[in-house]
>>> print(open('model.cif').read())   # mmCIF, C-alpha atoms and all ligand atoms
data_structure
loop_
_atom_site.label_atom_id
_atom_site.label_comp_id
_atom_site.auth_asym_id
_atom_site.auth_seq_id
_atom_site.Cartn_x
_atom_site.Cartn_y
_atom_site.Cartn_z
CA MET A 3 -206.05 -23.63 61.65
CA LEU A 4 -205.23 -21.89 64.93
CA LEU A 5 -202.29 -23.28 66.88
CA ASN A 6 -202.70 -23.44 70.61
CA SER A 7 -199.72 -21.72 72.27
CA ASN A 8 -199.63 -24.48 74.90
CA LEU A 9 -198.97 -26.94 72.12
CA ILE A 10 -195.93 -24.97 70.98
CA GLU A 11 -194.68 -24.68 74.54
CA GLU A 12 -195.15 -28.40 75.13
CA SER A 13 -193.31 -29.34 71.97
CA ASN A 14 -190.43 -26.97 72.83
CA LYS A 15 -189.94 -28.71 76.18
CA ALA A 16 -188.58 -31.81 74.52
CA PHE A 17 -185.90 -29.78 72.72
CA LEU A 18 -184.97 -27.30 75.44
CA GLY A 19 -181.96 -29.17 76.83
CA ALA A 20 -180.27 -29.70 73.50
CA HIS A 21 -181.17 -26.18 72.38
CA SER A 22 -179.72 -24.47 75.40
CA ASN A 23 -176.41 -26.35 74.98
CA ALA A 24 -176.20 -25.45 71.29
CA TYR A 25 -177.21 -21.86 71.99
CA SER A 26 -174.64 -21.29 74.78
CA PHE A 27 -171.92 -22.78 72.60
CA VAL A 28 -172.45 -20.25 69.81
CA ALA A 29 -173.64 -17.32 71.96
CA ASP A 30 -170.36 -17.39 73.89
CA THR A 31 -168.52 -16.49 70.69
CA ILE A 32 -170.75 -13.48 69.88
CA PRO A 33 -170.39 -10.55 72.27
CA GLU A 34 -173.42 -8.68 70.87
CA VAL A 35 -175.71 -11.72 70.82
CA GLU A 36 -178.53 -9.99 72.72
CA GLU A 37 -178.60 -7.21 70.16
CA VAL A 38 -178.68 -9.80 67.36
CA ILE A 39 -181.62 -11.58 68.97
CA LYS A 40 -183.58 -8.35 69.35
CA LYS A 41 -183.13 -7.65 65.65
CA LEU A 42 -184.13 -11.18 64.69
CA VAL A 43 -187.32 -10.95 66.76
CA ALA A 44 -188.26 -7.67 65.06
CA PHE A 45 -187.55 -8.94 61.54
CA GLN A 46 -190.66 -10.08 59.63
CA VAL A 47 -190.95 -11.48 56.12
CA ALA A 48 -194.21 -11.08 54.21
CA ILE A 49 -195.74 -14.19 52.67
CA PRO A 50 -197.34 -13.77 49.26
CA SER A 51 -200.96 -14.77 48.94
CA TRP A 52 -200.16 -16.49 45.62
CA ALA A 53 -197.65 -18.93 47.08
CA LEU A 54 -199.88 -20.90 49.44
CA GLY A 55 -200.99 -23.37 46.83
CA THR A 56 -199.00 -25.65 44.59
CA GLY A 57 -197.50 -23.83 41.65
CA GLY A 58 -197.04 -25.09 38.16
CA THR A 59 -195.22 -24.51 34.93
CA ARG A 60 -196.54 -24.14 31.39
CA PHE A 61 -196.17 -27.91 31.14
CA GLY A 62 -198.43 -28.78 33.99
CA ARG A 63 -199.43 -28.42 37.56
CA PHE A 64 -199.62 -31.23 40.07
CA SER A 65 -202.05 -29.92 42.63
CA GLY A 66 -201.58 -30.57 46.29
CA SER A 67 -204.22 -31.25 48.90
CA GLY A 68 -205.80 -29.13 51.57
CA GLU A 69 -204.89 -25.96 49.71
CA PRO A 70 -206.62 -22.71 50.69
CA GLY A 71 -209.72 -22.06 48.58
CA ASN A 72 -210.23 -18.43 49.48
CA LEU A 73 -208.50 -15.43 51.02
CA GLU A 74 -209.68 -16.30 54.52
CA GLN A 75 -208.00 -19.70 54.30
CA LYS A 76 -204.83 -18.14 52.90
CA ILE A 77 -204.68 -15.84 55.90
CA GLU A 78 -205.16 -18.86 58.17
CA ASP A 79 -202.23 -20.58 56.47
CA ILE A 80 -199.95 -17.58 56.94
CA GLY A 81 -201.20 -17.33 60.53
CA LEU A 82 -200.10 -20.92 61.03
CA ILE A 83 -196.63 -20.23 59.61
CA HIS A 84 -196.35 -17.13 61.77
CA ALA A 85 -197.44 -18.95 64.93
CA LEU A 86 -194.68 -21.49 64.31
CA ASN A 87 -191.81 -19.19 63.38
CA LYS A 88 -192.91 -15.72 64.60
CA SER A 89 -191.15 -14.21 61.59
CA SER A 90 -193.95 -14.18 59.02
CA GLY A 91 -196.19 -11.45 60.37
CA ALA A 92 -197.31 -9.97 57.06
CA ILE A 93 -199.15 -10.88 53.89
CA SER A 94 -198.62 -9.52 50.39
CA LEU A 95 -201.86 -9.62 48.40
CA HIS A 96 -202.30 -10.17 44.73
CA ILE A 97 -205.19 -8.44 42.98
CA PRO A 98 -207.40 -9.71 41.37
CA TRP A 99 -206.62 -13.25 42.62
CA ASP A 100 -207.40 -12.20 46.18
CA ILE A 101 -209.91 -9.38 46.23
CA PRO A 102 -211.45 -9.21 49.71
CA SER A 103 -215.24 -9.32 49.67
CA ASP A 104 -215.28 -7.52 53.02
CA ALA A 105 -212.07 -5.57 53.69
CA GLN A 106 -212.90 -4.85 57.32
CA ALA A 107 -213.58 -8.51 58.10
CA ILE A 108 -210.36 -9.56 56.33
CA LYS A 109 -208.40 -6.95 58.26
CA GLU A 110 -209.82 -8.26 61.53
CA LEU A 111 -209.06 -11.87 60.62
CA ALA A 112 -205.47 -10.94 59.76
CA ALA A 113 -205.14 -9.05 63.05
CA GLN A 114 -206.30 -12.16 64.95
CA HIS A 115 -203.32 -13.97 63.46
CA GLY A 116 -200.96 -11.05 64.14
CA LEU A 117 -200.61 -10.24 60.43
CA LEU A 118 -200.21 -6.90 58.69
CA PHE A 119 -200.75 -6.16 54.99
CA ASP A 120 -197.56 -5.53 53.09
CA ALA A 121 -197.39 -4.37 49.44
CA VAL A 122 -200.39 -5.06 47.21
CA ASN A 123 -199.56 -6.45 43.77
CA SER A 124 -201.28 -5.58 40.52
CA ASN A 125 -201.65 -7.95 37.59
CA THR A 126 -201.58 -6.82 33.99
CA PHE A 127 -199.74 -9.93 32.78
CA GLN A 128 -202.95 -11.93 32.31
CA ASP A 129 -206.38 -11.25 30.91
CA GLN A 130 -209.14 -11.64 33.47
CA PRO A 131 -212.62 -12.95 32.61
CA GLY A 132 -214.79 -10.16 31.29
CA GLN A 133 -211.89 -7.78 30.77
CA PRO A 134 -212.66 -5.63 27.69
CA LEU A 135 -209.14 -5.29 26.25
CA SER A 136 -206.28 -7.78 26.06
CA TYR A 137 -202.75 -7.52 27.46
CA LYS A 138 -201.40 -9.93 24.86
CA PHE A 139 -199.09 -7.21 23.51
CA GLY A 140 -198.39 -5.51 26.80
CA SER A 141 -200.18 -3.23 29.22
CA LEU A 142 -198.58 0.13 30.07
CA GLN A 143 -196.38 -0.06 26.96
CA HIS A 144 -199.26 -0.94 24.62
CA VAL A 145 -199.57 0.81 21.25
CA ASP A 146 -203.29 1.35 21.98
CA LYS A 147 -203.98 4.09 24.49
CA ALA A 148 -207.19 2.40 25.63
CA VAL A 149 -205.25 -0.68 26.76
CA ARG A 150 -202.77 1.52 28.61
CA GLN A 151 -205.64 3.32 30.29
CA GLN A 152 -207.23 0.04 31.36
CA ALA A 153 -203.92 -0.99 32.97
CA VAL A 154 -203.59 2.35 34.77
CA GLU A 155 -207.13 2.04 36.10
CA HIS A 156 -206.46 -1.48 37.32
CA ASN A 157 -203.43 -0.27 39.28
CA ILE A 158 -205.47 2.53 40.85
CA GLU A 159 -208.12 -0.03 41.78
CA VAL A 160 -205.38 -2.11 43.48
CA ILE A 161 -204.26 0.97 45.43
CA ASN A 162 -207.85 1.45 46.63
CA GLN A 163 -208.07 -2.19 47.71
CA GLY A 164 -204.80 -1.77 49.58
CA VAL A 165 -205.96 1.41 51.32
CA ALA A 166 -208.97 -0.45 52.70
CA LEU A 167 -206.63 -3.08 54.21
CA GLY A 168 -204.03 -0.74 55.64
CA SER A 169 -201.37 -1.54 53.06
CA LYS A 170 -198.85 1.23 52.27
CA SER A 171 -197.32 0.23 48.96
CA LEU A 172 -198.14 -0.93 45.46
CA SER A 173 -195.84 -3.39 43.75
CA ILE A 174 -195.88 -3.39 39.95
CA TRP A 175 -194.36 -6.12 37.86
CA LEU A 176 -194.95 -5.68 34.13
CA SER A 177 -194.51 -8.55 31.74
CA ASP A 178 -194.40 -5.95 28.95
CA GLY A 179 -191.79 -6.44 26.28
CA SER A 180 -191.49 -8.16 22.93
CA CYS A 181 -190.79 -11.64 21.62
CA PHE A 182 -189.25 -10.73 18.30
CA PRO A 183 -186.89 -8.12 16.88
CA GLY A 184 -188.77 -5.23 15.31
CA GLN A 185 -191.98 -5.96 17.21
CA LEU A 186 -191.58 -2.92 19.45
CA ASN A 187 -190.27 0.56 19.19
CA PHE A 188 -188.23 0.46 22.41
CA ARG A 189 -188.36 4.22 22.93
CA LYS A 190 -192.12 4.46 22.44
CA ALA A 191 -192.68 1.44 24.67
CA TRP A 192 -190.57 3.04 27.39
CA GLN A 193 -192.34 6.40 27.09
CA ASN A 194 -195.81 4.87 27.12
CA THR A 195 -194.86 2.88 30.20
CA TYR A 196 -193.46 5.97 31.88
CA GLU A 197 -196.66 7.94 31.21
CA GLY A 198 -198.74 5.15 32.71
CA LEU A 199 -196.50 4.92 35.76
CA GLN A 200 -196.81 8.69 36.18
CA GLN A 201 -200.60 8.40 36.30
CA ILE A 202 -200.37 5.60 38.85
CA TYR A 203 -197.83 7.56 40.87
CA ALA A 204 -200.19 10.54 40.93
CA ALA A 205 -202.91 8.32 42.44
CA LEU A 206 -200.73 7.20 45.37
CA PRO A 207 -201.92 8.35 48.78
CA GLU A 208 -199.54 10.68 50.63
CA ASP A 209 -197.90 7.97 52.75
CA TRP A 210 -197.69 5.32 50.01
CA LYS A 211 -194.82 4.03 47.92
CA VAL A 212 -194.77 2.37 44.52
CA PHE A 213 -192.31 -0.45 43.80
CA VAL A 214 -191.23 -1.09 40.21
CA GLU A 215 -189.98 -4.66 39.85
CA TYR A 216 -187.71 -5.63 36.96
CA LYS A 217 -187.17 -8.93 35.22
CA ALA A 218 -184.69 -9.91 32.52
CA TYR A 219 -186.93 -12.15 30.42
CA GLU A 220 -190.08 -14.29 30.42
CA PRO A 221 -192.83 -14.23 29.33
CA ASN A 222 -191.27 -12.04 26.64
CA PHE A 223 -188.12 -13.54 25.20
CA TYR A 224 -186.57 -10.77 23.10
CA SER A 225 -186.97 -7.60 25.18
CA THR A 226 -188.51 -6.64 28.49
CA THR A 227 -189.53 -3.05 29.02
CA VAL A 228 -188.48 -3.07 32.69
CA GLY A 229 -185.72 -5.60 32.11
CA ASP A 230 -183.06 -4.77 34.65
CA TRP A 231 -182.27 -2.56 37.60
CA GLY A 232 -181.03 0.24 35.34
CA GLN A 233 -184.34 0.44 33.51
CA SER A 234 -186.28 0.29 36.76
CA LEU A 235 -184.06 2.92 38.36
CA LEU A 236 -184.58 5.18 35.35
CA PHE A 237 -188.35 4.95 35.88
CA THR A 238 -188.24 5.33 39.66
CA SER A 239 -185.76 8.22 39.53
CA LYS A 240 -187.92 10.13 37.09
CA LEU A 241 -191.15 9.33 38.91
CA GLY A 242 -190.11 10.85 42.24
CA PRO A 243 -189.38 10.12 45.89
CA LYS A 244 -192.26 7.69 46.41
CA ALA A 245 -191.00 5.34 43.68
CA TYR A 246 -188.50 2.57 44.44
CA THR A 247 -186.87 -0.33 42.62
CA LEU A 248 -187.84 -3.82 43.78
CA VAL A 249 -185.26 -6.60 43.55
CA ASP A 250 -186.54 -10.11 42.90
CA LEU A 251 -183.63 -12.51 43.31
CA GLY A 252 -184.72 -14.64 40.36
CA HIS A 253 -185.10 -11.80 37.88
CA HIS A 254 -181.48 -11.37 36.78
CA LEU A 255 -179.37 -12.79 34.01
CA PRO A 256 -177.08 -15.59 35.22
CA ASN A 257 -174.22 -14.58 37.52
CA ALA A 258 -175.42 -11.00 38.00
CA ASN A 259 -173.81 -9.46 41.07
CA ILE A 260 -177.02 -8.87 43.00
CA GLU A 261 -175.24 -7.74 46.17
CA GLN A 262 -173.63 -4.90 44.25
CA ILE A 263 -176.96 -3.89 42.72
CA VAL A 264 -178.48 -3.80 46.19
CA SER A 265 -175.67 -1.70 47.60
CA LEU A 266 -175.94 0.94 44.89
CA LEU A 267 -179.74 1.11 44.96
CA MET A 268 -179.52 1.73 48.70
CA MET A 269 -176.89 4.38 48.20
CA GLU A 270 -179.38 6.22 45.99
CA ASN A 271 -182.29 5.68 48.44
CA LYS A 272 -184.05 3.73 45.71
CA LEU A 273 -184.17 0.18 47.04
CA ALA A 274 -187.76 -0.84 47.76
CA GLY A 275 -186.97 -4.23 49.17
CA PHE A 276 -186.98 -7.84 48.13
CA HIS A 277 -188.77 -10.69 46.58
CA PHE A 278 -186.78 -13.59 48.00
CA ASN A 279 -186.41 -16.93 46.23
CA ASP A 280 -183.56 -18.95 44.78
CA SER A 281 -182.69 -20.26 41.37
CA LYS A 282 -180.22 -22.32 39.39
CA TYR A 283 -181.01 -21.08 35.89
CA GLY A 284 -183.49 -18.22 35.73
CA ASP A 285 -186.66 -17.29 37.51
CA ASP A 286 -186.95 -20.72 39.05
CA ASP A 287 -188.85 -19.58 42.16
CA LEU A 288 -187.12 -22.17 44.33
CA THR A 289 -186.93 -22.24 48.12
CA VAL A 290 -184.81 -19.37 49.46
CA GLY A 291 -181.31 -20.58 50.26
CA SER A 292 -181.77 -23.94 48.56
CA ILE A 293 -179.22 -23.34 45.79
CA ASN A 294 -176.93 -20.51 46.76
CA PRO A 295 -177.06 -19.59 50.45
CA TYR A 296 -173.67 -17.83 50.20
CA GLN A 297 -175.07 -15.32 47.73
CA LEU A 298 -177.98 -14.68 50.08
CA PHE A 299 -175.50 -14.06 52.90
CA LEU A 300 -173.48 -11.63 50.74
CA ILE A 301 -176.69 -9.78 49.88
CA PHE A 302 -177.60 -9.50 53.56
CA ASN A 303 -174.09 -8.28 54.28
CA GLU A 304 -174.66 -5.38 51.88
CA LEU A 305 -178.17 -4.78 53.24
CA VAL A 306 -177.02 -4.58 56.84
CA GLU A 307 -174.02 -2.43 55.91
CA GLY A 308 -176.15 -0.09 53.78
CA MET A 309 -179.02 0.19 56.27
CA ASP A 310 -176.62 0.88 59.14
CA ALA A 311 -174.82 3.52 57.09
CA LYS A 312 -178.17 5.28 56.61
CA GLY A 313 -179.43 4.70 60.14
CA MET A 314 -182.38 2.66 58.85
CA ASP A 315 -184.44 0.30 60.95
CA HIS A 316 -183.70 -3.17 59.58
CA ALA A 317 -187.21 -4.44 60.18
CA THR A 318 -189.17 -1.56 58.70
CA GLY A 319 -186.73 0.30 56.43
CA LEU A 320 -187.29 -1.98 53.44
CA ALA A 321 -190.02 -4.36 52.27
CA TRP A 322 -189.17 -8.03 52.87
CA MET A 323 -191.25 -10.45 50.86
CA ILE A 324 -191.01 -13.96 49.52
CA ASP A 325 -191.93 -14.59 45.89
CA ALA A 326 -191.79 -18.26 45.12
CA SER A 327 -193.70 -21.07 43.51
CA HIS A 328 -193.79 -24.51 45.06
CA ASN A 329 -194.17 -27.13 42.39
CA VAL A 330 -193.08 -30.25 44.22
CA LYS A 331 -192.99 -29.33 47.92
CA ASP A 332 -195.79 -28.70 50.37
CA PRO A 333 -196.16 -24.90 50.05
CA LEU A 334 -196.27 -24.32 53.80
CA GLU A 335 -193.20 -26.46 54.44
CA ASP A 336 -191.41 -24.67 51.62
CA LEU A 337 -192.30 -21.28 53.11
CA LEU A 338 -191.08 -22.35 56.55
CA GLN A 339 -187.77 -23.35 54.98
CA SER A 340 -187.57 -20.07 53.05
CA VAL A 341 -188.16 -17.87 56.08
CA GLU A 342 -185.62 -19.90 58.05
CA ALA A 343 -183.02 -19.40 55.31
CA ILE A 344 -183.65 -15.65 55.33
CA MET A 345 -183.30 -15.46 59.11
CA ILE A 346 -180.08 -17.46 59.01
CA ALA A 347 -178.54 -15.22 56.32
CA TYR A 348 -179.62 -12.12 58.23
CA ALA A 349 -178.17 -13.45 61.51
CA GLN A 350 -174.90 -14.32 59.78
CA ALA A 351 -174.67 -10.82 58.32
CA LEU A 352 -175.32 -9.35 61.78
CA ILE A 353 -172.38 -11.21 63.32
CA ILE A 354 -169.78 -10.12 60.77
CA ASP A 355 -166.90 -8.36 62.50
CA LYS A 356 -167.57 -5.07 60.75
CA LYS A 357 -164.71 -3.11 62.28
CA ALA A 358 -162.23 -5.74 61.19
CA LEU A 359 -163.81 -5.87 57.72
CA VAL A 360 -163.54 -2.12 57.21
CA ALA A 361 -159.96 -2.12 58.49
CA ALA A 362 -159.03 -4.94 56.11
CA GLN A 363 -160.74 -3.19 53.18
CA ASP A 364 -158.84 0.00 53.92
CA ILE A 365 -155.46 -1.69 53.57
CA ASN A 366 -156.50 -3.91 50.63
CA ASP A 367 -156.07 -7.08 52.68
CA VAL A 368 -158.02 -9.27 50.32
CA VAL A 369 -157.18 -12.45 52.19
CA ALA A 370 -158.42 -11.06 55.49
CA VAL A 371 -161.77 -9.86 54.09
CA GLN A 372 -162.55 -13.39 52.93
CA GLU A 373 -161.60 -14.79 56.34
CA ILE A 374 -163.84 -12.26 58.08
CA LEU A 375 -166.86 -12.84 55.84
CA GLN A 376 -166.54 -16.62 55.95
CA GLN A 377 -165.99 -16.66 59.70
CA ALA A 378 -169.56 -15.33 59.96
CA TYR A 379 -170.92 -17.46 57.11
CA ARG A 380 -169.54 -20.69 58.53
CA THR A 381 -170.86 -20.02 62.02
CA ASP A 382 -173.87 -22.18 62.75
CA VAL A 383 -176.32 -19.46 63.78
CA ARG A 384 -179.36 -21.75 63.77
CA PRO A 385 -179.48 -21.89 67.59
CA ILE A 386 -179.52 -18.06 67.68
CA VAL A 387 -182.42 -17.92 65.23
CA ALA A 388 -184.19 -20.60 67.30
CA GLU A 389 -183.56 -18.67 70.52
CA ALA A 390 -185.16 -15.56 68.98
CA ARG A 391 -188.20 -17.64 68.04
CA LEU A 392 -188.35 -19.24 71.47
CA ARG A 393 -188.32 -15.88 73.24
CA ASP A 394 -191.11 -14.65 70.98
CA GLY A 395 -193.32 -17.68 71.68
CA GLY A 396 -192.56 -19.60 68.51
CA ALA A 397 -191.47 -23.18 68.01
CA LEU A 398 -187.85 -24.26 68.39
CA HIS A 399 -188.34 -26.48 65.35
CA PRO A 400 -191.22 -25.08 63.26
CA LEU A 401 -191.00 -27.57 60.41
CA GLN A 402 -190.75 -30.55 62.73
CA LEU A 403 -193.79 -29.33 64.68
CA PHE A 404 -195.75 -28.73 61.46
CA ARG A 405 -195.15 -32.38 60.61
CA SER A 406 -195.62 -33.87 64.06
CA ILE A 407 -199.06 -32.32 64.51
CA ALA A 408 -199.93 -33.50 60.99
CA ALA A 409 -200.93 -29.95 60.05
CA ARG A 410 -201.43 -30.71 56.36
CA GLN A 411 -203.60 -33.75 57.13
CA GLN A 412 -205.73 -31.56 59.38
CA LEU A 413 -206.11 -29.01 56.59
CA ILE A 414 -207.07 -31.77 54.14
CA LYS A 415 -209.81 -32.91 56.52
CA VAL A 416 -211.35 -29.43 56.45
CA ARG A 417 -210.63 -28.40 52.86
CA GLY A 418 -210.56 -31.65 50.98
CA GLN A 419 -208.14 -33.76 49.01
CA LYS A 420 -208.64 -32.09 45.64
CA THR A 421 -208.07 -28.37 45.98
CA VAL A 422 -206.56 -25.69 43.79
CA ALA A 423 -205.58 -22.35 45.24
CA THR A 424 -205.58 -19.25 43.08
CA GLY A 425 -202.05 -18.19 42.32
CA LEU A 426 -199.12 -19.09 40.15
MN MN B 1 -191.36 -11.03 42.16
#
>>> encode(input="model.cif", output="structure tokens")
Amino acid sequence: MLLNSNLIEESNKAFLGAHSNAYSFVADTIPEVEEVIKKLVAFQVAIPSWALGTGGTRFGRFSGSGEPGNLEQKIEDIGLIHALNKSSGAISLHIPWDIPSDAQAIKELAAQHGLLFDAVNSNTFQDQPGQPLSYKFGSLQHVDKAVRQQAVEHNIEVINQGVALGSKSLSIWLSDGSCFPGQLNFRKAWQNTYEGLQQIYAALPEDWKVFVEYKAYEPNFYSTTVGDWGQSLLFTSKLGPKAYTLVDLGHHLPNANIEQIVSLLMMENKLAGFHFNDSKYGDDDLTVGSINPYQLFLIFNELVEGMDAKGMDHATGLAWMIDASHNVKDPLEDLLQSVEAIMIAYAQALIIDKKALVAAQDINDVVAVQEILQQAYRTDVRPIVAEARLRDGGALHPLQLFRSIAARQQLIKVRGQKTVATGL
């Protein structure tokens, strides 16, 4: 569904007066506001191809309507989000759920919507129809070399798919691990996995990266072979300079200090980027910022600090992706909310008085550091994020516009009431 830019402009007109008041009010307090807006305009978050349909749990899935039935429709959905918020200019593909039948045509369609291809994701956590060997007991860690080889070949196939689309990175999440004590020899599982990753690494094109994502538990409930950032960093350090550790916000044990993990991975030049989501208990895949927006802000504080210390471009230095599952919300509305939450946290991190923070840290003024951080966190930066969108041709209120044009109803008319998208 292509959005007419006139329609966005028309809808913005109704909000312009109120917006400009709110914007001037906050902009007056931020000397470097123009710099902040430039960075917000440049910042893009990739939308995963598996999150455009309704997700489910092992207990059930309550399908939505008007969901995309193929890759072309998924690209149209991301194009719609991007037209509204101008901050979702990339797609992260999952293979084999979204294998393009014609890579060139898919590339052209994405370009029409202003979308690039971010990391491609492999899948060795499920068995696909017709697949000769099963991943029931793992993939790269498997005791049977033939299964390991099948998993390596799949990853190389994903790289080839990505090359055809102009992607530059492969993201690997392994569900490998064990459910019961004694099931696995941890050392052998680690070494088998490492050997497989080495073969995949060797198949990377010159200008590609590989991201190794970790996860504490699920689907395995006793051990996970890439279970935390230490295990991932061990793999990526040994693999070489093209290997990086990917942080998924939902993949930690409760109360893990993710901002500290991020800071240290960046220090070692090993942070790949993010899978954004939010959670209350585990890997809940909830809307970004819906549970703990302060944590997200603290993470962005470390990201901005670390990227600036290394002279990295905020927009392109790391991979920014959402990884979520929408079980009860309209997926597109959920994604609009998620991107908005990311932009807000990023904007808040950008307006931290960094000189004052460093000065307070250097004299151990623990009270002052809290004041400085929370001064930024409690600033309502939504008008600044909206101003960045407005200047880039987006909607002042993307979610409101999505609803007022009855976007989902229009999609249902074309795609039907009963639809199930491939994905989680
Ligand atoms: Mn993830």
>>> residues_near_ligand(input="model.cif", ligand="ligand MN 1 (chain B)", cutoff="8 Å", atoms="all atoms listed in the file", output="ChimeraX atom specification")
/A:175,215,249-253,277-278,324-326
>>> closest_residue(input="model.cif", among="A:Gly168, A:Thr318, A:Asn279, A:Leu392", to="Asn294 in chain A", atoms="only C-alpha atoms")
A:Asn279
>>> atom_distance(input="model.cif", atom1="CA of Trp231 in chain A", atom2="CA of Ser281 in chain A")
18.1 Å
>>> residues_around(input="model.cif", residues="Tyr196 in chain A", least_positions_apart="3", cutoff="10 Å", atoms="all atoms listed in the file", output="NGL selection string")
:A and (142-143 or 190-193 or 199-202 or 236-238 or 240-241)
>>> write_last_selection(input="model.cif", atoms="C-alpha atoms", output="PDB file, keeping the file's coordinate frame")
ATOM      1  CA  LEU A 142    -198.580   0.130  30.070  1.00  0.00           C
ATOM      2  CA  GLN A 143    -196.380  -0.060  26.960  1.00  0.00           C
ATOM      3  CA  LYS A 190    -192.120   4.460  22.440  1.00  0.00           C
ATOM      4  CA  ALA A 191    -192.680   1.440  24.670  1.00  0.00           C
ATOM      5  CA  TRP A 192    -190.570   3.040  27.390  1.00  0.00           C
ATOM      6  CA  GLN A 193    -192.340   6.400  27.090  1.00  0.00           C
ATOM      7  CA  LEU A 199    -196.500   4.920  35.760  1.00  0.00           C
ATOM      8  CA  GLN A 200    -196.810   8.690  36.180  1.00  0.00           C
ATOM      9  CA  GLN A 201    -200.600   8.400  36.300  1.00  0.00           C
ATOM     10  CA  ILE A 202    -200.370   5.600  38.850  1.00  0.00           C
ATOM     11  CA  LEU A 236    -184.580   5.180  35.350  1.00  0.00           C
ATOM     12  CA  PHE A 237    -188.350   4.950  35.880  1.00  0.00           C
ATOM     13  CA  THR A 238    -188.240   5.330  39.660  1.00  0.00           C
ATOM     14  CA  LYS A 240    -187.920  10.130  37.090  1.00  0.00           C
ATOM     15  CA  LEU A 241    -191.150   9.330  38.910  1.00  0.00           C
TER      16      LEU A 241
END
>>> residues_near_point(input="model.cif", point="(-203.5, -15.6, 62.6)", cutoff="10 Å", atoms="only C-alpha atoms", output="PyMOL selection string")
chain A and resi 3-5+77-85+91+110-117
>>> closest_residue(input="model.cif", among="A:Glu69, A:Arg60, A:Asn14, A:Arg391", to="Ala409 in chain A", atoms="only C-alpha atoms")
A:Glu69
